[in-house]
Amino acid sequence: MNTSTSTGVTVRVPAKVNVQLAVGAARPDGFHDLANVFLAVSLFDEVTATPADSLTVSCTGPDADQVPLDRTNLAAKAAEILAARHGISPSVHLHIAKNIPVAGGMAGGSADGAAALLACDALWGLDTPRAELLDICAELGSDVPFSLVGGAALGTGRGELLTPVEAGAFHWVFAVADGGLSTPAVFREFDRLAETEGREIPEPQASPELLAALASGDPDALAGVLANDLQPAALSLRPSLAATLDAGVEAGALAALVSGSGPTTAFLVRDPESALKVAAALEASGTCRTTRVASAPAPGAVVLA
Ligand code: C5P
């Protein structure tokens with residue numbers, strides 16, 4: 001059945017934070033094996049697909065000027081791959097309403113790829129099986145499958161092989177830094193630091209303590225076990241992030257860490273009231289550009305009615 005519509009399809013998609021990011025040694029293909037515990041948080045982008053003569057992308061939002069509008073945008077790539085698989089032309093306009101920090105370590109670009117894929121699939125009435133959508137997501141990037149599924153999941157391989165995990169409710173504050181950090185550059189710095197320090201890099205393993213704390217919904221337990229192996233590399237490339245992490249902890253956050261490859265920093269807090277207090281203190285500290293408050297786990301990419 002063809003359920004395509006000429007009015008457009010909008011998909012809402014969450015950002016993520018990594019509550020554990022264990023990174024292995026560089027593989028021959030340049031990627032790193034990971035034990036990556038993803039948690040989707042309630043900061044959302046929306047991608048709207050409407051019929052058009054050719055593939056075009058537009059973007060609005062506070063950081064829209066930093067978003068590429070050409071075929072390097074993962075939303076455009078998603079439309080191209082899906083259309084090619086079905087032997088049709090990617091004639092679609094993709095509008096991104098951007099709220100997730102750009103190049104921030106919160107998978108904003110990946111989120112737009114997953115959202116565009118789902119939006120085009122619905123617009124074109126393709127009904128692509130979920131397994132095939134996940135396959136296209138993995139082709140788009142290591143974090144894209146998680147953007148589609150949301151919730152909480154352990155990502156292995158380069159992060160694309162997902163196993164859902166249990167998560168209680170948690171509250172977070174995110175401090176958005178000036179400018180982005182390049183994910184490949186942070187992984188390269190991780191390799192460089194390990195080599196300089198003559199450190200053996202162990203096989204990445206999901207921490208049983210972390211998975212138990214995540215399932216428990218106890219913020220004090222989770223605060224004690226948050227871990228990001230990319231944090232020293234992100235701090236090495238952006239030393240000013242240390243002051244942001246300190247400012248959040250001083251303001252009462254239970255724990256602070258760099259989100260993914262950064263430079264966004266993430267603060268676990270006890271409840272929504274402390275989230276507002278920590279966000280206000282971070283903004284007043286002058287150590288970040290702006291803040292966002294969010295809760296987790298958030299659902300994955302979903303077509304809005
Ligand atoms: O998969 P994605 O395109 O998002 O990865 C971007 C870059 O991040 C890769 O080209 C690689 O340099 C680095 N990366 C990595 N190991 C991973 C995921 C990403 O080295 N597991």
# chains A, B, ... in the order shown; residues from 1 in each chain; ligands from 1
call {"tool": "residues_around", "arguments": {"residues": "A:Val303", "least_positions_apart": "4", "cutoff": "9 Å", "atoms": "only C-alpha atoms", "output": "list in words"}}
result
Val9, Thr10, Val11, Arg12, Ala115, Leu118, Ala119 and Ala122 of chain A
call {"tool": "closest_atom_pairs", "arguments": {"of": "chain A", "to": "ligand 1", "cutoff": "6 Å", "atoms": "only C-alpha atoms and all ligand atoms", "output": "tab-separated table"}}
result
residue	atom	partner	partner_atom_place_in_ligand_line	distance
A:Gly30	CA	ligand 1	20 (O)	5.8
A:Phe31	CA	ligand 1	20 (O)	3.6
A:His32	CA	ligand 1	16 (N)	3.8
A:Asp33	CA	ligand 1	21 (N)	5.4
A:Leu34	CA	ligand 1	21 (N)	5.7
A:Gly141	CA	ligand 1	1 (O)	3.7
A:Ser142	CA	ligand 1	1 (O)	3.7
A:Asp143	CA	ligand 1	4 (O)	5.9
A:Arg158	CA	ligand 1	21 (N)	3.4
A:Gly159	CA	ligand 1	21 (N)	5.5
A:Thr183	CA	ligand 1	8 (O)	4.9
A:Pro184	CA	ligand 1	12 (O)	3.6
A:Phe187	CA	ligand 1	20 (O)	5.4
call {"tool": "closest_residue", "arguments": {"among": "A:Asp135, A:Val19, A:Glu250, A:Gly262", "to": "A:Ala213", "atoms": "only C-alpha atoms"}}
result
A:Val19
call {"tool": "closest_residue", "arguments": {"among": "A:Pro145, A:Pro263, A:Gly286, A:Gly157", "to": "A:Gly248", "atoms": "only C-alpha atoms"}}
result
A:Gly286
call {"tool": "residues_around", "arguments": {"residues": "A:Arg130", "least_positions_apart": "5", "cutoff": "12 Å", "atoms": "only C-alpha atoms", "output": "list in words"}}
result
Ala114, Leu117, Leu118, Asp121, Asp135, Ile136, Cys137, Pro145, Leu148 and Val149 of chain A
call {"tool": "write_last_selection", "arguments": {"atoms": "N, CA, C and O atoms", "output": "compact mmCIF listing (two decimals), in the first residue's frame"}}
result
# COMPACT_ATOMS: atom_id res chain seq x y z
N ALA A 114 19.06 9.60 11.31
CA ALA A 114 18.03 8.61 11.66
C ALA A 114 16.64 9.19 11.41
O ALA A 114 15.75 8.50 10.90
N LEU A 117 15.80 9.40 7.69
CA LEU A 117 15.55 8.06 7.16
C LEU A 117 14.10 7.65 7.43
O LEU A 117 13.38 7.20 6.52
N LEU A 118 13.67 7.84 8.68
CA LEU A 118 12.30 7.46 9.06
C LEU A 118 11.27 8.34 8.34
O LEU A 118 10.23 7.86 7.88
N ASP A 121 11.09 7.38 4.64
CA ASP A 121 10.43 6.07 4.53
C ASP A 121 8.92 6.23 4.61
O ASP A 121 8.18 5.60 3.83
N ASP A 135 20.24 -1.23 9.41
CA ASP A 135 21.39 -1.50 8.56
C ASP A 135 21.84 -0.20 7.86
O ASP A 135 23.04 0.11 7.80
N ILE A 136 20.88 0.56 7.35
CA ILE A 136 21.22 1.84 6.70
C ILE A 136 21.80 2.80 7.74
O ILE A 136 22.76 3.52 7.48
N CYS A 137 21.22 2.80 8.94
CA CYS A 137 21.74 3.66 10.02
C CYS A 137 23.21 3.36 10.28
O CYS A 137 24.04 4.27 10.41
N PRO A 145 22.37 4.12 14.54
CA PRO A 145 21.36 3.13 14.97
C PRO A 145 20.75 3.49 16.33
O PRO A 145 19.54 3.36 16.52
N LEU A 148 17.98 6.00 16.23
CA LEU A 148 16.70 5.45 15.79
C LEU A 148 15.98 4.77 16.96
O LEU A 148 14.78 4.97 17.15
N VAL A 149 16.71 3.98 17.76
CA VAL A 149 16.02 3.17 18.78
C VAL A 149 15.81 3.91 20.10
O VAL A 149 14.82 3.67 20.79
call {"tool": "residues_around", "arguments": {"residues": "A:Ser182", "least_positions_apart": "5", "cutoff": "12 Å", "atoms": "only C-alpha atoms", "output": "list in words"}}
result
Val102, Ala103, Gly104, Gly105, Ala107, Phe187, Arg188, Glu189, Ala233, Ala234, Leu237, Arg238, Gly260, Ser261, Gly262 and Pro263 of chain A
call {"tool": "select_by_dssp", "arguments": {"residues": "stretch 88-155 of chain A", "states": "strand (DSSP E or B)", "output": "MDAnalysis selection string"}}
result
chainID A and resid 92:97 150 152:155
call {"tool": "write_last_selection", "arguments": {"atoms": "N, CA and C atoms", "output": "PDB file, in the first residue's frame"}}
result
ATOM      1  N   VAL A  92      13.309  15.200  -2.372  1.00  0.00           N
ATOM      2  CA  VAL A  92      12.700  15.540  -1.081  1.00  0.00           C
ATOM      3  C   VAL A  92      13.386  16.785  -0.513  1.00  0.00           C
ATOM      4  N   HIS A  93      12.587  17.599   0.158  1.00  0.00           N
ATOM      5  CA  HIS A  93      13.181  18.683   0.936  1.00  0.00           C
ATOM      6  C   HIS A  93      13.194  18.256   2.391  1.00  0.00           C
ATOM      7  N   LEU A  94      14.367  18.386   3.038  1.00  0.00           N
ATOM      8  CA  LEU A  94      14.499  18.016   4.454  1.00  0.00           C
ATOM      9  C   LEU A  94      14.719  19.282   5.254  1.00  0.00           C
ATOM     10  N   HIS A  95      13.806  19.554   6.166  1.00  0.00           N
ATOM     11  CA  HIS A  95      14.011  20.710   7.049  1.00  0.00           C
ATOM     12  C   HIS A  95      14.356  20.211   8.444  1.00  0.00           C
ATOM     13  N   ILE A  96      15.473  20.719   8.962  1.00  0.00           N
ATOM     14  CA  ILE A  96      15.925  20.310  10.303  1.00  0.00           C
ATOM     15  C   ILE A  96      15.652  21.452  11.276  1.00  0.00           C
ATOM     16  N   ALA A  97      14.800  21.218  12.258  1.00  0.00           N
ATOM     17  CA  ALA A  97      14.621  22.173  13.363  1.00  0.00           C
ATOM     18  C   ALA A  97      15.577  21.720  14.456  1.00  0.00           C
ATOM     19  N   GLY A 150      16.724   4.785  20.493  1.00  0.00           N
ATOM     20  CA  GLY A 150      16.566   5.561  21.718  1.00  0.00           C
ATOM     21  C   GLY A 150      16.570   4.705  22.978  1.00  0.00           C
ATOM     22  N   ALA A 152      17.824   3.209  26.219  1.00  0.00           N
ATOM     23  CA  ALA A 152      19.179   2.959  26.715  1.00  0.00           C
ATOM     24  C   ALA A 152      19.658   1.674  26.065  1.00  0.00           C
ATOM     25  N   ALA A 153      20.915   1.651  25.658  1.00  0.00           N
ATOM     26  CA  ALA A 153      21.426   0.460  24.966  1.00  0.00           C
ATOM     27  C   ALA A 153      22.941   0.396  25.104  1.00  0.00           C
ATOM     28  N   LEU A 154      23.446  -0.850  25.068  1.00  0.00           N
ATOM     29  CA  LEU A 154      24.888  -1.075  24.988  1.00  0.00           C
ATOM     30  C   LEU A 154      25.253  -1.208  23.515  1.00  0.00           C
ATOM     31  N   GLY A 155      26.177  -0.377  23.059  1.00  0.00           N
ATOM     32  CA  GLY A 155      26.667  -0.460  21.684  1.00  0.00           C
ATOM     33  C   GLY A 155      28.040  -1.111  21.679  1.00  0.00           C
TER      34      GLY A 155
END
call {"tool": "residues_around", "arguments": {"residues": "A:Ile100", "least_positions_apart": "6", "cutoff": "12 Å", "atoms": "only C-alpha atoms", "output": "mmCIF file with all heavy atoms, in the first residue's frame"}}
result
data_model
loop_
_atom_site.group_PDB
_atom_site.id
_atom_site.type_symbol
_atom_site.label_atom_id
_atom_site.label_comp_id
_atom_site.auth_asym_id
_atom_site.auth_seq_id
_atom_site.Cartn_x
_atom_site.Cartn_y
_atom_site.Cartn_z
ATOM 1 N N ARG A 12 10.576 13.304 15.194
ATOM 2 C CA ARG A 12 11.301 13.851 16.349
ATOM 3 C C ARG A 12 12.337 12.828 16.803
ATOM 4 O O ARG A 12 12.049 11.627 16.840
ATOM 5 C CB ARG A 12 10.291 14.121 17.476
ATOM 6 C CG ARG A 12 10.875 14.879 18.647
ATOM 7 C CD ARG A 12 9.886 14.932 19.786
ATOM 8 N NE ARG A 12 9.886 13.646 20.477
ATOM 9 C CZ ARG A 12 9.376 13.446 21.687
ATOM 10 N NH1 ARG A 12 8.787 14.427 22.333
ATOM 11 N NH2 ARG A 12 9.429 12.255 22.256
ATOM 12 N N VAL A 13 13.530 13.307 17.145
ATOM 13 C CA VAL A 13 14.633 12.381 17.441
ATOM 14 C C VAL A 13 15.466 12.935 18.608
ATOM 15 O O VAL A 13 15.691 14.141 18.682
ATOM 16 C CB VAL A 13 15.470 12.154 16.146
ATOM 17 C CG1 VAL A 13 16.158 13.434 15.691
ATOM 18 C CG2 VAL A 13 16.470 11.026 16.300
ATOM 19 N N PRO A 14 15.907 12.051 19.525
ATOM 20 C CA PRO A 14 16.610 12.544 20.722
ATOM 21 C C PRO A 14 18.119 12.668 20.559
ATOM 22 O O PRO A 14 18.720 12.032 19.694
ATOM 23 C CB PRO A 14 16.310 11.448 21.761
ATOM 24 C CG PRO A 14 16.301 10.192 20.942
ATOM 25 C CD PRO A 14 15.705 10.578 19.590
ATOM 26 N N ALA A 15 18.733 13.446 21.472
ATOM 27 C CA ALA A 15 20.188 13.448 21.645
ATOM 28 C C ALA A 15 20.566 12.296 22.564
ATOM 29 O O ALA A 15 19.702 11.633 23.131
ATOM 30 C CB ALA A 15 20.617 14.772 22.275
ATOM 31 N N LYS A 16 21.868 12.050 22.697
ATOM 32 C CA LYS A 16 22.335 11.002 23.626
ATOM 33 C C LYS A 16 23.473 11.524 24.479
ATOM 34 O O LYS A 16 24.182 12.470 24.123
ATOM 35 C CB LYS A 16 22.776 9.750 22.871
ATOM 36 C CG LYS A 16 23.940 9.920 21.884
ATOM 37 C CD LYS A 16 25.332 9.904 22.478
ATOM 38 C CE LYS A 16 26.427 10.128 21.439
ATOM 39 N NZ LYS A 16 27.715 10.511 21.994
ATOM 40 N N VAL A 17 23.616 10.825 25.629
ATOM 41 C CA VAL A 17 24.839 10.975 26.418
ATOM 42 C C VAL A 17 25.363 9.554 26.606
ATOM 43 O O VAL A 17 24.584 8.596 26.603
ATOM 44 C CB VAL A 17 24.552 11.689 27.761
ATOM 45 C CG1 VAL A 17 23.619 10.880 28.669
ATOM 46 C CG2 VAL A 17 25.844 12.000 28.510
ATOM 47 N N ALA A 40 19.469 7.909 25.811
ATOM 48 C CA ALA A 40 18.820 8.991 25.053
ATOM 49 C C ALA A 40 18.241 10.003 26.032
ATOM 50 O O ALA A 40 17.650 9.631 27.051
ATOM 51 C CB ALA A 40 17.717 8.421 24.168
ATOM 52 N N VAL A 41 18.416 11.283 25.738
ATOM 53 C CA VAL A 41 17.955 12.352 26.632
ATOM 54 C C VAL A 41 16.963 13.255 25.891
ATOM 55 O O VAL A 41 16.962 13.327 24.657
ATOM 56 C CB VAL A 41 19.145 13.172 27.190
ATOM 57 C CG1 VAL A 41 20.098 12.272 27.965
ATOM 58 C CG2 VAL A 41 19.878 13.922 26.102
ATOM 59 N N SER A 42 16.156 13.973 26.679
ATOM 60 C CA SER A 42 15.017 14.702 26.100
ATOM 61 C C SER A 42 15.397 16.059 25.506
ATOM 62 O O SER A 42 14.780 17.075 25.785
ATOM 63 C CB SER A 42 13.926 14.881 27.164
ATOM 64 O OG SER A 42 14.434 15.690 28.221
ATOM 65 N N LEU A 43 16.442 16.058 24.687
ATOM 66 C CA LEU A 43 16.741 17.208 23.816
ATOM 67 C C LEU A 43 16.482 16.683 22.420
ATOM 68 O O LEU A 43 17.063 15.662 22.037
ATOM 69 C CB LEU A 43 18.211 17.612 23.888
ATOM 70 C CG LEU A 43 18.774 18.155 25.168
ATOM 71 C CD1 LEU A 43 20.242 18.532 24.959
ATOM 72 C CD2 LEU A 43 17.994 19.390 25.570
ATOM 73 N N PHE A 44 15.636 17.370 21.669
ATOM 74 C CA PHE A 44 15.184 16.781 20.408
ATOM 75 C C PHE A 44 15.434 17.696 19.210
ATOM 76 O O PHE A 44 15.249 18.909 19.297
ATOM 77 C CB PHE A 44 13.674 16.502 20.465
ATOM 78 C CG PHE A 44 13.272 15.533 21.543
ATOM 79 C CD1 PHE A 44 12.696 15.982 22.728
ATOM 80 C CD2 PHE A 44 13.467 14.169 21.380
ATOM 81 C CE1 PHE A 44 12.320 15.087 23.724
ATOM 82 C CE2 PHE A 44 13.092 13.268 22.370
ATOM 83 C CZ PHE A 44 12.513 13.728 23.545
ATOM 84 N N ASP A 45 15.812 17.095 18.077
ATOM 85 C CA ASP A 45 15.709 17.740 16.769
ATOM 86 C C ASP A 45 14.438 17.227 16.116
ATOM 87 O O ASP A 45 13.963 16.133 16.443
ATOM 88 C CB ASP A 45 16.895 17.354 15.870
ATOM 89 C CG ASP A 45 18.160 18.153 16.169
ATOM 90 O OD1 ASP A 45 18.121 19.017 17.059
ATOM 91 O OD2 ASP A 45 19.187 17.893 15.505
ATOM 92 N N GLU A 46 13.898 18.014 15.178
ATOM 93 C CA GLU A 46 12.786 17.532 14.353
ATOM 94 C C GLU A 46 13.178 17.683 12.894
ATOM 95 O O GLU A 46 13.682 18.725 12.479
ATOM 96 C CB GLU A 46 11.509 18.336 14.632
ATOM 97 C CG GLU A 46 10.888 17.964 15.971
ATOM 98 C CD GLU A 46 9.569 18.672 16.261
ATOM 99 O OE1 GLU A 46 9.024 19.328 15.351
ATOM 100 O OE2 GLU A 46 9.115 18.558 17.407
ATOM 101 N N THR A 60 16.896 25.392 10.820
ATOM 102 C CA THR A 60 16.670 26.545 11.697
ATOM 103 C C THR A 60 17.033 26.148 13.120
ATOM 104 O O THR A 60 17.058 24.965 13.448
ATOM 105 C CB THR A 60 15.192 27.000 11.674
ATOM 106 O OG1 THR A 60 14.362 25.853 11.891
ATOM 107 C CG2 THR A 60 14.824 27.663 10.369
ATOM 108 N N GLY A 61 17.289 27.146 13.959
ATOM 109 C CA GLY A 61 17.657 26.882 15.350
ATOM 110 C C GLY A 61 18.837 27.746 15.725
ATOM 111 O O GLY A 61 19.462 28.352 14.853
ATOM 112 N N PRO A 62 19.166 27.796 17.021
ATOM 113 C CA PRO A 62 20.206 28.721 17.496
ATOM 114 C C PRO A 62 21.562 28.523 16.811
ATOM 115 O O PRO A 62 22.289 29.480 16.613
ATOM 116 C CB PRO A 62 20.302 28.406 18.991
ATOM 117 C CG PRO A 62 19.217 27.457 19.334
ATOM 118 C CD PRO A 62 18.530 27.021 18.088
ATOM 119 N N ASP A 63 21.920 27.264 16.454
ATOM 120 C CA ASP A 63 23.239 27.005 15.853
ATOM 121 C C ASP A 63 23.124 26.583 14.393
ATOM 122 O O ASP A 63 24.008 25.902 13.864
ATOM 123 C CB ASP A 63 23.978 25.912 16.646
ATOM 124 C CG ASP A 63 24.233 26.335 18.085
ATOM 125 O OD1 ASP A 63 24.379 27.553 18.316
ATOM 126 O OD2 ASP A 63 24.272 25.461 18.958
ATOM 127 N N ALA A 64 22.028 27.006 13.746
ATOM 128 C CA ALA A 64 21.756 26.537 12.377
ATOM 129 C C ALA A 64 22.897 26.895 11.423
ATOM 130 O O ALA A 64 23.171 26.142 10.478
ATOM 131 C CB ALA A 64 20.445 27.131 11.881
ATOM 132 N N GLN A 66 25.918 26.575 11.749
ATOM 133 C CA GLN A 66 27.036 25.607 11.794
ATOM 134 C C GLN A 66 26.675 24.270 11.144
ATOM 135 O O GLN A 66 27.488 23.341 11.129
ATOM 136 C CB GLN A 66 27.426 25.331 13.247
ATOM 137 C CG GLN A 66 27.984 26.549 13.971
ATOM 138 C CD GLN A 66 27.990 26.320 15.481
ATOM 139 O OE1 GLN A 66 28.418 25.285 15.953
ATOM 140 N NE2 GLN A 66 27.480 27.284 16.220
ATOM 141 N N VAL A 67 25.452 24.159 10.620
ATOM 142 C CA VAL A 67 24.998 22.876 10.062
ATOM 143 C C VAL A 67 25.204 22.869 8.549
ATOM 144 O O VAL A 67 24.710 23.770 7.863
ATOM 145 C CB VAL A 67 23.505 22.645 10.391
ATOM 146 C CG1 VAL A 67 22.978 21.377 9.731
ATOM 147 C CG2 VAL A 67 23.298 22.577 11.906
ATOM 148 N N MET A 106 26.851 14.876 21.277
ATOM 149 C CA MET A 106 25.517 14.409 21.666
ATOM 150 C C MET A 106 24.781 13.751 20.500
ATOM 151 O O MET A 106 23.564 13.569 20.545
ATOM 152 C CB MET A 106 24.693 15.557 22.248
ATOM 153 C CG MET A 106 25.320 16.137 23.508
ATOM 154 S SD MET A 106 24.193 17.183 24.419
ATOM 155 C CE MET A 106 23.091 15.969 25.162
ATOM 156 N N ALA A 107 25.513 13.419 19.440
ATOM 157 C CA ALA A 107 24.979 12.707 18.273
ATOM 158 C C ALA A 107 23.886 13.482 17.549
ATOM 159 O O ALA A 107 22.945 12.895 17.018
ATOM 160 C CB ALA A 107 24.474 11.307 18.667
ATOM 161 N N GLY A 108 24.033 14.807 17.488
ATOM 162 C CA GLY A 108 23.034 15.627 16.794
ATOM 163 C C GLY A 108 22.976 15.329 15.298
ATOM 164 O O GLY A 108 21.889 15.197 14.727
ATOM 165 N N GLY A 109 24.131 15.202 14.657
ATOM 166 C CA GLY A 109 24.146 14.885 13.226
ATOM 167 C C GLY A 109 23.601 13.493 12.971
ATOM 168 O O GLY A 109 22.835 13.264 12.024
ATOM 169 N N SER A 110 23.963 12.553 13.845
ATOM 170 C CA SER A 110 23.454 11.170 13.727
ATOM 171 C C SER A 110 21.940 11.163 13.901
ATOM 172 O O SER A 110 21.222 10.434 13.198
ATOM 173 C CB SER A 110 24.093 10.290 14.804
ATOM 174 O OG SER A 110 25.483 10.267 14.653
ATOM 175 N N ALA A 111 21.453 11.951 14.846
ATOM 176 C CA ALA A 111 20.010 12.034 15.100
ATOM 177 C C ALA A 111 19.280 12.480 13.836
ATOM 178 O O ALA A 111 18.244 11.899 13.461
ATOM 179 C CB ALA A 111 19.737 13.016 16.238
ATOM 180 N N ASP A 112 19.833 13.483 13.150
ATOM 181 C CA ASP A 112 19.178 13.982 11.940
ATOM 182 C C ASP A 112 19.185 12.937 10.825
ATOM 183 O O ASP A 112 18.235 12.847 10.039
ATOM 184 C CB ASP A 112 19.855 15.277 11.461
ATOM 185 C CG ASP A 112 19.759 16.382 12.502
ATOM 186 O OD1 ASP A 112 18.915 16.266 13.417
ATOM 187 O OD2 ASP A 112 20.540 17.353 12.424
ATOM 188 N N PHE A 174 23.180 19.890 30.639
ATOM 189 C CA PHE A 174 24.255 19.883 29.643
ATOM 190 C C PHE A 174 24.774 21.300 29.476
ATOM 191 O O PHE A 174 23.981 22.243 29.348
ATOM 192 C CB PHE A 174 23.753 19.326 28.307
ATOM 193 C CG PHE A 174 23.355 17.886 28.431
ATOM 194 C CD1 PHE A 174 22.034 17.531 28.679
ATOM 195 C CD2 PHE A 174 24.315 16.887 28.370
ATOM 196 C CE1 PHE A 174 21.678 16.197 28.848
ATOM 197 C CE2 PHE A 174 23.969 15.548 28.539
ATOM 198 C CZ PHE A 174 22.646 15.212 28.780
ATOM 199 N N ALA A 175 26.109 21.439 29.511
ATOM 200 C CA ALA A 175 26.724 22.744 29.281
ATOM 201 C C ALA A 175 27.289 22.739 27.860
ATOM 202 O O ALA A 175 28.121 21.887 27.523
ATOM 203 C CB ALA A 175 27.826 22.997 30.296
ATOM 204 N N VAL A 176 26.805 23.665 27.048
ATOM 205 C CA VAL A 176 27.219 23.742 25.639
ATOM 206 C C VAL A 176 28.426 24.675 25.553
ATOM 207 O O VAL A 176 28.386 25.806 26.051
ATOM 208 C CB VAL A 176 26.063 24.270 24.768
ATOM 209 C CG1 VAL A 176 26.460 24.299 23.296
ATOM 210 C CG2 VAL A 176 24.802 23.427 24.980
ATOM 211 N N THR A 264 30.515 19.211 24.620
ATOM 212 C CA THR A 264 29.434 19.387 25.583
ATOM 213 C C THR A 264 29.788 18.605 26.851
ATOM 214 O O THR A 264 30.307 17.482 26.757
ATOM 215 C CB THR A 264 28.098 18.869 25.008
ATOM 216 O OG1 THR A 264 27.851 19.529 23.771
ATOM 217 C CG2 THR A 264 26.943 19.129 25.957
ATOM 218 N N THR A 291 23.221 26.436 28.543
ATOM 219 C CA THR A 291 22.940 25.131 29.156
ATOM 220 C C THR A 291 21.592 24.602 28.669
ATOM 221 O O THR A 291 20.756 25.355 28.166
ATOM 222 C CB THR A 291 22.880 25.220 30.694
ATOM 223 O OG1 THR A 291 21.832 26.120 31.052
ATOM 224 C CG2 THR A 291 24.192 25.658 31.290
ATOM 225 N N ARG A 292 21.407 23.297 28.819
ATOM 226 C CA ARG A 292 20.127 22.634 28.539
ATOM 227 C C ARG A 292 19.851 21.682 29.681
ATOM 228 O O ARG A 292 20.778 21.048 30.195
ATOM 229 C CB ARG A 292 20.171 21.814 27.245
ATOM 230 C CG ARG A 292 20.630 22.549 26.024
ATOM 231 C CD ARG A 292 19.522 23.442 25.467
ATOM 232 N NE ARG A 292 20.086 24.351 24.479
ATOM 233 C CZ ARG A 292 20.384 24.023 23.243
ATOM 234 N NH1 ARG A 292 20.126 22.808 22.813
ATOM 235 N NH2 ARG A 292 20.916 24.891 22.423
ATOM 236 N N VAL A 293 18.571 21.574 30.012
ATOM 237 C CA VAL A 293 18.140 20.639 31.053
ATOM 238 C C VAL A 293 17.364 19.521 30.364
ATOM 239 O O VAL A 293 16.592 19.778 29.437
ATOM 240 C CB VAL A 293 17.256 21.409 32.066
ATOM 241 C CG1 VAL A 293 16.452 20.467 32.927
ATOM 242 C CG2 VAL A 293 18.133 22.317 32.925
ATOM 243 N N ALA A 294 17.580 18.275 30.791
ATOM 244 C CA ALA A 294 16.901 17.161 30.112
ATOM 245 C C ALA A 294 16.693 16.005 31.086
ATOM 246 O O ALA A 294 17.347 15.925 32.127
ATOM 247 C CB ALA A 294 17.737 16.688 28.927
#
call {"tool": "residues_around", "arguments": {"residues": "A:Leu235", "least_positions_apart": "3", "cutoff": "12 Å", "atoms": "only C-alpha atoms", "output": "tab-separated table (two decimals) with N, CA and C atoms, in the first residue's frame"}}
result
chain	number	residue	atom	x	y	z
A	181	LEU	N	33.94	19.98	18.59
A	181	LEU	CA	35.17	19.20	18.54
A	181	LEU	C	34.95	18.14	17.47
A	186	VAL	N	39.33	13.67	18.22
A	186	VAL	CA	39.35	13.22	19.62
A	186	VAL	C	39.82	11.77	19.71
A	189	GLU	N	43.51	11.78	19.25
A	189	GLU	CA	44.18	12.24	20.48
A	189	GLU	C	44.19	11.13	21.54
A	190	PHE	N	43.11	10.34	21.58
A	190	PHE	CA	43.06	9.17	22.48
A	190	PHE	C	44.23	8.23	22.16
A	193	LEU	N	47.66	9.90	23.13
A	193	LEU	CA	47.91	9.92	24.58
A	193	LEU	C	48.34	8.53	25.05
A	228	ASN	N	34.05	7.88	30.92
A	228	ASN	CA	34.24	8.18	29.50
A	228	ASN	C	35.73	8.16	29.17
A	229	ASP	N	36.17	7.12	28.45
A	229	ASP	CA	37.60	7.01	28.09
A	229	ASP	C	38.06	8.12	27.15
A	230	LEU	N	37.10	8.79	26.49
A	230	LEU	CA	37.50	9.89	25.58
A	230	LEU	C	37.70	11.21	26.33
A	231	GLN	N	37.34	11.22	27.63
A	231	GLN	CA	37.41	12.50	28.35
A	231	GLN	C	38.82	13.09	28.42
A	232	PRO	N	39.86	12.30	28.75
A	232	PRO	CA	41.21	12.90	28.77
A	232	PRO	C	41.60	13.48	27.41
A	238	ARG	N	40.82	20.52	24.54
A	238	ARG	CA	40.04	21.68	25.01
A	238	ARG	C	40.17	21.78	26.53
A	239	PRO	N	41.36	22.24	27.03
A	239	PRO	CA	41.61	22.26	28.47
A	239	PRO	C	40.58	23.06	29.27
A	240	SER	N	39.94	24.03	28.62
A	240	SER	CA	38.99	24.89	29.35
A	240	SER	C	37.77	24.10	29.86
A	241	LEU	N	37.55	22.89	29.33
A	241	LEU	CA	36.39	22.10	29.78
A	241	LEU	C	36.53	21.69	31.25
A	242	ALA	N	37.77	21.63	31.77
A	242	ALA	CA	37.97	21.25	33.17
A	242	ALA	C	37.25	22.24	34.09
A	243	ALA	N	37.30	23.52	33.75
A	243	ALA	CA	36.65	24.55	34.58
A	243	ALA	C	35.14	24.38	34.55
A	244	THR	N	34.59	23.98	33.40
A	244	THR	CA	33.14	23.76	33.30
A	244	THR	C	32.74	22.59	34.18
A	245	LEU	N	33.50	21.49	34.11
A	245	LEU	CA	33.20	20.30	34.93
A	245	LEU	C	33.23	20.68	36.41
A	257	LEU	N	30.78	14.77	33.51
A	257	LEU	CA	31.68	14.13	32.54
A	257	LEU	C	31.50	14.79	31.17
A	258	VAL	N	32.49	14.58	30.32
A	258	VAL	CA	32.37	15.04	28.94
A	258	VAL	C	31.39	14.11	28.23
A	259	SER	N	30.51	14.69	27.42
A	259	SER	CA	29.53	13.89	26.68
A	259	SER	C	30.17	13.36	25.40
A	260	GLY	N	30.34	12.04	25.31
A	260	GLY	CA	30.94	11.44	24.11
A	260	GLY	C	32.30	12.04	23.82
A	261	SER	N	32.49	12.54	22.59
A	261	SER	CA	33.77	13.14	22.22
A	261	SER	C	33.81	14.63	22.55
A	262	GLY	N	32.75	15.16	23.19
A	262	GLY	CA	32.71	16.55	23.61
A	262	GLY	C	32.48	17.49	22.43
A	263	PRO	N	32.53	18.80	22.71
A	263	PRO	CA	32.90	19.44	23.97
A	263	PRO	C	31.72	19.70	24.92
A	264	THR	N	30.51	19.21	24.62
A	264	THR	CA	29.43	19.39	25.58
A	264	THR	C	29.79	18.61	26.85
A	265	THR	N	29.51	19.19	28.02
A	265	THR	CA	29.73	18.49	29.28
A	265	THR	C	28.37	18.16	29.88
call {"tool": "select_by_dssp", "arguments": {"residues": "stretch 89-204 of chain A", "states": "alpha helix (DSSP H)", "output": "JSON, numbers by chain"}}
result
{"A": [108, 109, 110, 111, 112, 113, 114, 115, 116, 117, 118, 119, 120, 121, 122, 123, 130, 131, 132, 133, 134, 135, 136, 137, 138, 139, 140, 144, 145, 146, 147, 148, 149, 183, 184, 185, 186, 187, 188, 189, 190, 191, 192, 193, 194, 195, 196]}
call {"tool": "residues_around", "arguments": {"residues": "A:Asn18", "least_positions_apart": "3", "cutoff": "6 Å", "atoms": "only C-alpha atoms", "output": "list of chain:residue names"}}
result
A:Leu21, A:Val37, A:Phe38, A:Gly260
